[in-house]
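For reference, model-v1.pdb (PDB, C-alpha atoms):
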ATOM      1  CA  LEU A   1     106.468  23.323  -4.054
ATOM      2  CA  CYS A   2     104.056  22.179  -6.764
ATOM      3  CA  GLN A   3     101.768  20.609  -4.196
ATOM      4  CA  GLU A   4     101.799  23.800  -2.103
ATOM      5  CA  LEU A   5     100.894  25.903  -5.144
ATOM      6  CA  LEU A   6      98.090  23.497  -6.050
ATOM      7  CA  LYS A   7      96.707  23.745  -2.505
ATOM      8  CA  LYS A   8      96.658  27.543  -2.907
ATOM      9  CA  ALA A   9      94.964  27.159  -6.291
ATOM     10  CA  GLU A  10      92.355  24.933  -4.671
ATOM     11  CA  LEU A  11      91.603  27.674  -2.133
ATOM     12  CA  PHE A  12      91.328  30.290  -4.889
ATOM     13  CA  ALA A  13      89.005  27.981  -6.830
ATOM     14  CA  GLU A  14      86.511  27.782  -3.981
ATOM     15  CA  GLY A  15      83.070  28.468  -5.416
ATOM     16  CA  ASN A  16      84.181  27.898  -9.017
ATOM     17  CA  ASP A  17      83.679  24.256  -9.937
ATOM     18  CA  ARG A  18      85.375  24.613 -13.319
ATOM     19  CA  MET A  19      88.565  26.008 -11.769
ATOM     20  CA  LYS A  20      88.435  23.386  -9.035
ATOM     21  CA  ALA A  21      88.171  20.635 -11.672
ATOM     22  CA  ILE A  22      91.233  22.035 -13.458
ATOM     23  CA  THR A  23      93.106  22.150 -10.143
ATOM     24  CA  TYR A  24      92.144  18.552  -9.324
ATOM     25  CA  ASN A  25      93.282  17.472 -12.785
ATOM     26  CA  ASN A  26      96.619  19.181 -12.093
ATOM     27  CA  PHE A  27      96.868  17.453  -8.694
ATOM     28  CA  ALA A  28      96.329  14.168 -10.538
ATOM     29  CA  CYS A  29      99.157  14.983 -12.956
ATOM     30  CA  LEU A  30     101.462  15.645  -9.998
ATOM     31  CA  PHE A  31     100.495  12.384  -8.297
ATOM     32  CA  ARG A  32     100.909  10.445 -11.535
ATOM     33  CA  LYS A  33     104.378  11.930 -11.979
ATOM     34  CA  THR A  34     105.297  10.832  -8.427
ATOM     35  CA  ASN A  35     103.810   7.357  -9.078
ATOM     36  CA  LYS A  36     100.952   7.780  -6.591
ATOM     37  CA  LEU A  37      98.453   6.369  -9.036
ATOM     38  CA  ARG A  38      95.577   5.780  -6.594
ATOM     39  CA  ASN A  39      95.767   9.398  -5.400
ATOM     40  CA  ALA A  40      95.872  10.559  -9.014
ATOM     41  CA  LEU A  41      92.823   8.470  -9.872
ATOM     42  CA  ASN A  42      90.901   9.859  -6.883
ATOM     43  CA  TYR A  43      91.606  13.432  -7.961
ATOM     44  CA  LEU A  44      90.628  12.659 -11.547
ATOM     45  CA  GLU A  45      87.337  11.155 -10.411
ATOM     46  CA  MET A  46      86.607  14.309  -8.388
ATOM     47  CA  ALA A  47      87.574  16.482 -11.369
ATOM     48  CA  LEU A  48      85.367  14.443 -13.693
ATOM     49  CA  ALA A  49      82.367  14.785 -11.384
ATOM     50  CA  LEU A  50      82.886  18.552 -11.272
ATOM     51  CA  GLU A  51      83.257  18.787 -15.069
ATOM     52  CA  TYR A  52      79.989  16.943 -15.611
ATOM     53  CA  GLN A  53      78.334  19.154 -13.002
ATOM     54  CA  CYS A  54      79.512  22.196 -14.981
ATOM     55  CA  LEU A  55      78.074  20.694 -18.153
ATOM     56  CA  ASN A  56      74.774  19.974 -16.451
ATOM     57  CA  ASP A  57      74.499  23.378 -14.804
ATOM     58  CA  MET A  58      75.788  25.324 -17.816
ATOM     59  CA  GLU A  59      77.256  27.798 -15.345
ATOM     60  CA  GLU A  60      80.404  28.346 -17.398
ATOM     61  CA  ASP A  61      81.532  31.973 -17.297
ATOM     62  CA  VAL A  62      82.381  32.571 -20.939
ATOM     63  CA  SER A  63      84.047  35.889 -20.095
ATOM     64  CA  SER A  64      86.639  34.042 -18.011
ATOM     65  CA  GLY A  65      88.340  32.881 -21.202
ATOM     66  CA  LEU A  66      87.937  29.232 -20.266
ATOM     67  CA  ARG A  67      86.683  26.823 -22.855
ATOM     68  CA  ILE A  68      83.200  25.534 -22.163
ATOM     69  CA  SER A  69      83.564  22.524 -19.935
ATOM     70  CA  ASN A  70      84.550  19.300 -21.656
ATOM     71  CA  PRO A  71      85.716  16.357 -19.548
ATOM     72  CA  CYS A  72      87.516  14.781 -22.521
ATOM     73  CA  GLU A  73      91.050  15.365 -21.209
ATOM     74  CA  ILE A  74      90.133  13.998 -17.800
ATOM     75  CA  HIS A  75      88.842  10.805 -19.420
ATOM     76  CA  LEU A  76      92.184  10.520 -21.258
ATOM     77  CA  ASN A  77      94.119  11.009 -18.022
ATOM     78  CA  ILE A  78      91.981   8.373 -16.305
ATOM     79  CA  CYS A  79      92.642   6.064 -19.254
ATOM     80  CA  ALA A  80      96.395   6.489 -18.835
ATOM     81  CA  ILE A  81      96.318   5.744 -15.119
ATOM     82  CA  LEU A  82      94.003   2.753 -15.443
ATOM     83  CA  SER A  83      96.298   1.409 -18.152
ATOM     84  CA  GLN A  84      99.280   1.761 -15.814
ATOM     85  CA  LEU A  85      97.267  -0.123 -13.196
ATOM     86  CA  GLY A  86      96.590  -2.914 -15.713
ATOM     87  CA  LYS A  87      92.844  -2.196 -15.908
ATOM     88  CA  HIS A  88      92.713  -2.127 -19.677
ATOM     89  CA  ASP A  89      88.952  -2.717 -20.107
ATOM     90  CA  LEU A  90      88.197   0.356 -18.012
ATOM     91  CA  ALA A  91      90.993   2.314 -19.679
ATOM     92  CA  LEU A  92      89.490   1.499 -23.095
ATOM     93  CA  HIS A  93      86.083   2.674 -21.892
ATOM     94  CA  HIS A  94      87.496   6.060 -20.839
ATOM     95  CA  ALA A  95      89.447   6.481 -24.072
ATOM     96  CA  MET A  96      86.282   5.777 -26.077
ATOM     97  CA  LYS A  97      84.307   8.214 -23.950
ATOM     98  CA  ALA A  98      86.986  10.861 -24.602
ATOM     99  CA  LEU A  99      86.795  10.195 -28.339
ATOM    100  CA  ILE A 100      83.023  10.650 -28.358
ATOM    101  CA  LEU A 101      83.280  13.904 -26.407
ATOM    102  CA  ILE A 102      86.009  15.401 -28.595
ATOM    103  CA  GLN A 103      84.195  14.388 -31.784
ATOM    104  CA  ASP A 104      81.025  16.047 -30.489
ATOM    105  CA  GLU A 105      82.988  19.195 -29.664
ATOM    106  CA  LEU A 106      84.660  19.323 -33.081
ATOM    107  CA  LEU A 107      81.350  18.713 -34.865
ATOM    108  CA  ALA A 108      79.761  21.585 -32.969
ATOM    109  CA  VAL A 109      82.627  23.885 -33.974
ATOM    110  CA  VAL A 110      82.312  22.915 -37.658
ATOM    111  CA  GLU A 111      78.538  23.413 -37.567
ATOM    112  CA  GLU A 112      78.997  26.810 -35.930
ATOM    113  CA  SER A 113      81.867  28.266 -37.941
ATOM    114  CA  GLY A 114      82.592  25.871 -40.816
ATOM    115  CA  GLN A 115      85.903  24.390 -41.932
ATOM    116  CA  PRO A 116      88.888  26.742 -42.358
ATOM    117  CA  ALA A 117      89.684  27.561 -45.981
ATOM    118  CA  GLU A 118      92.553  25.634 -47.543
ATOM    119  CA  GLY A 119      95.877  27.303 -46.807
ATOM    120  CA  GLN A 120      94.428  29.097 -43.757
ATOM    121  CA  PRO A 121      95.626  28.320 -40.211
ATOM    122  CA  ASN A 122      93.552  25.707 -38.428
ATOM    123  CA  PRO A 123      92.131  27.170 -35.192
ATOM    124  CA  ASN A 124      90.985  23.690 -34.078
ATOM    125  CA  GLU A 125      94.381  21.994 -34.377
ATOM    126  CA  SER A 126      94.905  21.540 -30.636
ATOM    127  CA  ARG A 127      91.453  19.970 -30.235
ATOM    128  CA  GLN A 128      91.995  17.765 -33.297
ATOM    129  CA  THR A 129      95.264  16.658 -31.733
ATOM    130  CA  VAL A 130      93.279  15.542 -28.673
ATOM    131  CA  MET A 131      91.107  13.425 -30.990
ATOM    132  CA  ILE A 132      94.222  11.764 -32.427
ATOM    133  CA  ILE A 133      95.513  11.092 -28.901
ATOM    134  CA  ALA A 134      92.168   9.496 -28.000
ATOM    135  CA  LEU A 135      92.362   7.245 -31.070
ATOM    136  CA  HIS A 136      95.934   6.288 -30.197
ATOM    137  CA  ASN A 137      94.950   5.455 -26.618
ATOM    138  CA  ILE A 138      92.105   3.273 -27.886
ATOM    139  CA  ALA A 139      94.543   1.413 -30.141
ATOM    140  CA  VAL A 140      96.971   0.898 -27.252
ATOM    141  CA  GLU A 141      94.244  -0.513 -25.026
ATOM    142  CA  TYR A 142      93.004  -2.838 -27.776
ATOM    143  CA  GLU A 143      96.574  -4.068 -28.080
ATOM    144  CA  TYR A 144      96.808  -4.760 -24.334
ATOM    145  CA  LEU A 145      93.501  -6.633 -24.582
ATOM    146  CA  LYS A 146      94.949  -8.727 -27.430
ATOM    147  CA  GLN A 147      92.340  -7.405 -29.866
ATOM    148  CA  TYR A 148      95.001  -6.986 -32.510
ATOM    149  CA  GLN A 149      92.774  -6.376 -35.532
ATOM    150  CA  SER A 150      90.918  -3.573 -33.766
ATOM    151  CA  SER A 151      94.234  -2.222 -32.526
ATOM    152  CA  LEU A 152      95.790  -2.089 -35.987
ATOM    153  CA  LEU A 153      92.713  -0.490 -37.536
ATOM    154  CA  THR A 154      92.603   2.175 -34.830
ATOM    155  CA  TYR A 155      96.339   2.905 -35.083
ATOM    156  CA  GLN A 156      95.826   3.318 -38.830
ATOM    157  CA  LYS A 157      92.858   5.636 -38.288
ATOM    158  CA  ALA A 158      94.910   7.774 -35.865
ATOM    159  CA  ARG A 159      97.762   7.965 -38.385
ATOM    160  CA  ASP A 160      95.424   8.814 -41.254
ATOM    161  CA  PHE A 161      93.774  11.600 -39.261
ATOM    162  CA  ALA A 162      97.173  12.939 -38.224
ATOM    163  CA  PHE A 163      98.276  13.107 -41.866
ATOM    164  CA  LYS A 164      95.013  14.641 -43.051
ATOM    165  CA  ILE A 165      94.415  17.106 -40.246
ATOM    166  CA  LEU A 166      97.902  18.031 -39.097
ATOM    167  CA  GLY A 167      99.986  17.361 -42.211
ATOM    168  CA  GLU A 168     102.942  15.096 -42.813
ATOM    169  CA  GLY A 169     105.436  17.451 -41.190
ATOM    170  CA  HIS A 170     103.647  17.490 -37.813
ATOM    171  CA  ALA A 171     105.199  15.619 -34.876
ATOM    172  CA  PHE A 172     102.119  13.365 -34.616
ATOM    173  CA  SER A 173     102.266  12.287 -38.271
TER     174      SER A 173
END
What's the structure tokens form of this structure?
Amino acid sequence: LCQELLKKAELFAEGNDRMKAITYNNFACLFRKTNKLRNALNYLEMALALEYQCLNDMEEDVSSGLRISNPCEIHLNICAILSQLGKHDLALHHAMKALILIQDELLAVVEESGQPAEGQPNPNESRQTVMIIALHNIAVEYEYLKQYQSSLLTYQKARDFAFKILGEGHAFS
């Protein structure tokens, strides 16, 4: 049923590269869940190409309510699949690329609107959580590559950011 709905979504996304990239990313999640890792990776590569095309063309329709294109999550999904396939060097590369992209996004938000006042809700929490996930994935890949010092330092950095940004009571802390 999920695959049928995604095929319909793909048809509806015709002519909208951003929506097609989201649909391909969702196809990849389905294939990962069903342990068809090569299919998942193929869909993620297509989604990534579309995301970068959207960035290059700057054709994002802001009125659609979609966030301006950022391939960060796709890089993280590719990282996870490559890790499952035992390709830890490539997985590390994608996790680092995701970290750079999310940091750039968060910096742009801070430059544009500033930090939220203390005690105020954090509108960037979900994006900051993505940064913590990227750091965690980097640490995991360092560990697989037996780069234990780098792994420990990156795990610590992810934990420190989780405490600072999300608070001690958050599930990631």
Do you know which residues are at most 12 Å from Leu99 of chain A counting all atoms listed in the file, after dropping those on the same chain fewer than 6 positions away, and could you put them as a list in words? Asn70, Pro71, Cys72, Glu73, Ile74, His75, Leu76, Cys79, Leu92, His93, Glu105, Leu106, Arg127, Gln128, Thr129, Val130, Met131, Ile132, Ile133, Ala134, Leu135, His136, Asn137, Ile138, Ala139, Thr154 and Ala158 of chain A
Written selection (C-alpha atoms) as a short mmCIF file (atom, residue, chain, number, x, y, z; two decimals), keeping the file's coordinate frame:
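What ended up in selection06.cif:
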data_model
loop_
_atom_site.label_atom_id
_atom_site.label_comp_id
_atom_site.auth_asym_id
_atom_site.auth_seq_id
_atom_site.Cartn_x
_atom_site.Cartn_y
_atom_site.Cartn_z
CA ASN A 70 84.55 19.30 -21.66
CA PRO A 71 85.72 16.36 -19.55
CA CYS A 72 87.52 14.78 -22.52
CA GLU A 73 91.05 15.36 -21.21
CA ILE A 74 90.13 14.00 -17.80
CA HIS A 75 88.84 10.80 -19.42
CA LEU A 76 92.18 10.52 -21.26
CA CYS A 79 92.64 6.06 -19.25
CA LEU A 92 89.49 1.50 -23.10
CA HIS A 93 86.08 2.67 -21.89
CA GLU A 105 82.99 19.20 -29.66
CA LEU A 106 84.66 19.32 -33.08
CA ARG A 127 91.45 19.97 -30.24
CA GLN A 128 92.00 17.76 -33.30
CA THR A 129 95.26 16.66 -31.73
CA VAL A 130 93.28 15.54 -28.67
CA MET A 131 91.11 13.42 -30.99
CA ILE A 132 94.22 11.76 -32.43
CA ILE A 133 95.51 11.09 -28.90
CA ALA A 134 92.17 9.50 -28.00
CA LEU A 135 92.36 7.24 -31.07
CA HIS A 136 95.93 6.29 -30.20
CA ASN A 137 94.95 5.46 -26.62
CA ILE A 138 92.10 3.27 -27.89
CA ALA A 139 94.54 1.41 -30.14
CA THR A 154 92.60 2.17 -34.83
CA ALA A 158 94.91 7.77 -35.86
#
I'd like to see the residues matched by the PyMOL selection byres ((chain A and resi 37-53) around 9) on this file, and ideally I'd get them as a PyMOL selection string. chain A and resi 17-18+20-36+54-58+69-71+74-75+77-78+81-82+84-85
Using only C-alpha atoms, the residue out of A:Ile100, A:Asp160, A:Ala108, A:Tyr155 with shortest distance to Tyr142 of chain A is A:Tyr155
d(atom CA of Arg159 of chain A, atom CA of Leu90 of chain A) in Å: 23.8 Å
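Atom CA of Leu145 of chain A is positioned 6.7 Å from atom CA of His88 of chain A.
For the pair atom CA of Tyr148 of chain A and atom CA of Gly169 of chain A, the separation is 28.0 Å.
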Return the padded bounding box of segment 26-38 of chain A as AutoDock Vina command-line options: axis-aligned, built from all atoms listed in the file, 5 Å added on each side, with centre and edge lengths in Å to one decimal.
--center_x 100.4 --center_y 12.5 --center_z -9.8 --size_x 19.7 --size_y 23.4 --size_z 16.4
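Proximity to Ile102 of chain A was assessed for A:Asn16, A:Ser126, A:Gln147, A:Gln156 counting all atoms listed in the file; the smallest distance is recorded for A:Ser126.
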